[in-house]
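Student: One structure, as structure tokens, below. Some questions next.
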Amino acid sequence: MKVIIQIRIEGAASRPPFTVPIHTIDRRCDRVQDVGLALQDAKSLLGQLQQTLVREQLEHYLTDHRACPHCGKQRAIKGYHPLRFRTAFGDICLRSPRWNRCLCEQCREATFCPLSELLTVHTAPELAYLEAKWAAQGSFAAVGALLHDVLPVDQALRQETIRRHVLATAERLEAQLGPEQFAYDGGCQREIEASPEPAAPITVGLDGGYIRGRERLPGANGCFEVIAGIPEEGAAKVFAFVHRIDRKPKRRLRAVL
């Protein structure tokens, strides 16, 4: 039995609908392992679907933004450069155009890359989320092996790349915390009396321990102390920080509570 899987794409009115074959399954069903989709079938199907979907989406995006927003004139193409967009369903290798600015646009730069305004990062947020979530429960090597087992991620995705992605996610979340403060319950007596009544007390369990680090500084033992905690009530929200490095421990605890 042969099964051909196609997708139907309906674009603008000037472009008629068309179908694109993305995967073919052609095998006999003589064993239990032949029943249904195989893992490799699913990975190939998702990878081809992602390739087609992303390219069509970006083509429509470029078409919609090609005209100058002031006079409506089509911007000229200066050239192309390669761009790689990492997703949970495979890397997409793109030809990113560089457009000339229109004469009526008041801008210092004579050219710009339109895809840079859409793809502000080159790693899809879903892939960054999976890497950060699983890296909190295992090593970077284990995360890479798991991603390659269940998803059609690029074969070049290695533990060092995952480590850089997780570090970038951590730095972005760190920046969203806001500045550290000496105290969060300050204010005059009038402000305290006008504030709402506090809720029930929250019990937080705290513990600490030493972990051997990747690098050992001269004269040090190569270990660092980690303080971890979890509120006893409500949904479990674990937080942790390195006492000597973390610059926002009170801000982090307040965000959890």
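Letters A, B, ... go to the chains of the structure tokens in the order shown; residues in each chain start at 1; ligands are counted from 1 in the same order.
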Residues within 9 Å of Gln50 of chain A, please, as a list in words. Count only C-alpha atoms; anything in the same chain fewer than 2 positions from it doesn't count.
Tutor: Leu45, Leu46, Gly47, Gln48, Thr52, Leu53, Val54, Arg55, Thr87, Phe89, Gly90 and Ile92 of chain A
Student: Keeping only all heavy atoms, write the selected residues to a file as a compact mmCIF listing (two decimals), in the first residue's frame.
Tutor:
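part_21.txt, freshly written:
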```
# COMPACT_ATOMS: atom_id res chain seq x y z
N LEU A 45 7.93 13.53 8.10
CA LEU A 45 6.70 14.26 7.79
C LEU A 45 6.72 15.64 8.42
O LEU A 45 6.42 16.65 7.76
CB LEU A 45 5.50 13.45 8.29
CG LEU A 45 4.11 14.06 8.11
CD1 LEU A 45 3.81 14.30 6.65
CD2 LEU A 45 3.06 13.16 8.73
N LEU A 46 7.09 15.71 9.70
CA LEU A 46 7.14 17.00 10.38
C LEU A 46 8.22 17.91 9.78
O LEU A 46 8.02 19.12 9.65
CB LEU A 46 7.40 16.79 11.87
CG LEU A 46 6.25 16.21 12.69
CD1 LEU A 46 6.71 15.89 14.10
CD2 LEU A 46 5.07 17.18 12.73
N GLY A 47 9.36 17.31 9.43
CA GLY A 47 10.44 18.11 8.86
C GLY A 47 10.06 18.72 7.53
O GLY A 47 10.30 19.92 7.28
N GLN A 48 9.47 17.94 6.64
CA GLN A 48 9.06 18.45 5.33
C GLN A 48 7.92 19.46 5.45
O GLN A 48 7.87 20.46 4.73
CB GLN A 48 8.64 17.29 4.42
CG GLN A 48 9.79 16.38 4.02
CD GLN A 48 10.84 17.11 3.22
OE1 GLN A 48 10.54 17.98 2.41
NE2 GLN A 48 12.10 16.79 3.46
N THR A 52 8.20 23.43 4.22
CA THR A 52 7.24 24.04 3.29
C THR A 52 6.50 25.20 3.94
O THR A 52 6.32 26.27 3.34
CB THR A 52 6.23 22.98 2.81
OG1 THR A 52 6.95 21.88 2.24
CG2 THR A 52 5.29 23.56 1.77
N LEU A 53 6.06 25.01 5.18
CA LEU A 53 5.29 26.04 5.87
C LEU A 53 6.10 27.31 6.08
O LEU A 53 5.64 28.42 5.79
CB LEU A 53 4.78 25.49 7.21
CG LEU A 53 3.99 26.46 8.08
CD1 LEU A 53 2.73 26.93 7.36
CD2 LEU A 53 3.63 25.82 9.42
N VAL A 54 7.33 27.16 6.58
CA VAL A 54 8.15 28.34 6.86
C VAL A 54 8.46 29.11 5.58
O VAL A 54 8.38 30.34 5.53
CB VAL A 54 9.45 27.92 7.57
CG1 VAL A 54 10.42 29.10 7.67
CG2 VAL A 54 9.14 27.40 8.97
N ARG A 55 8.82 28.39 4.52
CA ARG A 55 9.16 29.07 3.27
C ARG A 55 7.95 29.82 2.69
O ARG A 55 8.10 30.94 2.18
CB ARG A 55 9.71 28.06 2.26
CG ARG A 55 11.05 27.46 2.70
CD ARG A 55 11.61 26.53 1.65
NE ARG A 55 12.80 25.84 2.14
CZ ARG A 55 14.01 26.38 2.19
NH1 ARG A 55 14.19 27.61 1.75
NH2 ARG A 55 15.05 25.71 2.66
N THR A 87 14.61 25.37 14.30
CA THR A 87 13.31 25.08 14.88
C THR A 87 13.33 23.69 15.48
O THR A 87 14.26 22.91 15.27
CB THR A 87 12.18 25.17 13.82
OG1 THR A 87 12.20 23.98 13.00
CG2 THR A 87 12.35 26.38 12.93
N PHE A 89 11.59 21.37 14.56
CA PHE A 89 11.29 20.42 13.49
C PHE A 89 12.29 20.54 12.34
O PHE A 89 11.96 20.29 11.19
CB PHE A 89 9.86 20.64 12.98
CG PHE A 89 8.84 20.61 14.08
CD1 PHE A 89 8.25 21.78 14.51
CD2 PHE A 89 8.49 19.43 14.70
CE1 PHE A 89 7.32 21.77 15.54
CE2 PHE A 89 7.57 19.39 15.72
CZ PHE A 89 6.98 20.58 16.14
N GLY A 90 13.51 20.95 12.68
CA GLY A 90 14.57 21.02 11.68
C GLY A 90 15.01 22.44 11.40
O GLY A 90 14.26 23.40 11.63
N ILE A 92 15.99 25.52 8.95
CA ILE A 92 15.53 26.04 7.66
C ILE A 92 16.64 26.93 7.11
O ILE A 92 16.98 27.96 7.72
CB ILE A 92 14.22 26.84 7.79
CG1 ILE A 92 13.23 26.11 8.69
CG2 ILE A 92 13.64 27.10 6.42
CD1 ILE A 92 12.77 24.77 8.16
```
Student: Segment 29-251 of chain A: which residues are alpha helix (DSSP H) by DSSP, as a ChimeraX atom specification?
Tutor: /A:39-65,114-118,125-135,140-150,159-176,189-194,249-251
Student: Taking the backbone alone, and naming residues the way the document does, which bits of segment 82-217 of chain A are strand (DSSP E or B) by DSSP, as a PyMOL selection string?
Tutor: chain A and resi 82-87+90-100+111-112+123+204-212
Student: May I have the residues within 9 Å of Cys104 of chain A as a PyMOL selection string, using only C-alpha atoms and disregarding those fewer than 2 positions away in the same chain?
Tutor: chain A and resi 68+70-71+101-102+106
Student: Which residues are close to Arg75 of chain A, i.e. within 12 Å by only C-alpha atoms, leaving aside same-chain residues fewer than 5 positions away? Reply as JSON, numbers by chain.
Tutor: {"A": [62, 63, 64, 65, 66, 67, 68, 69, 70, 97, 98, 99, 100, 101, 102, 103, 104, 105, 110, 111, 112, 113, 114]}
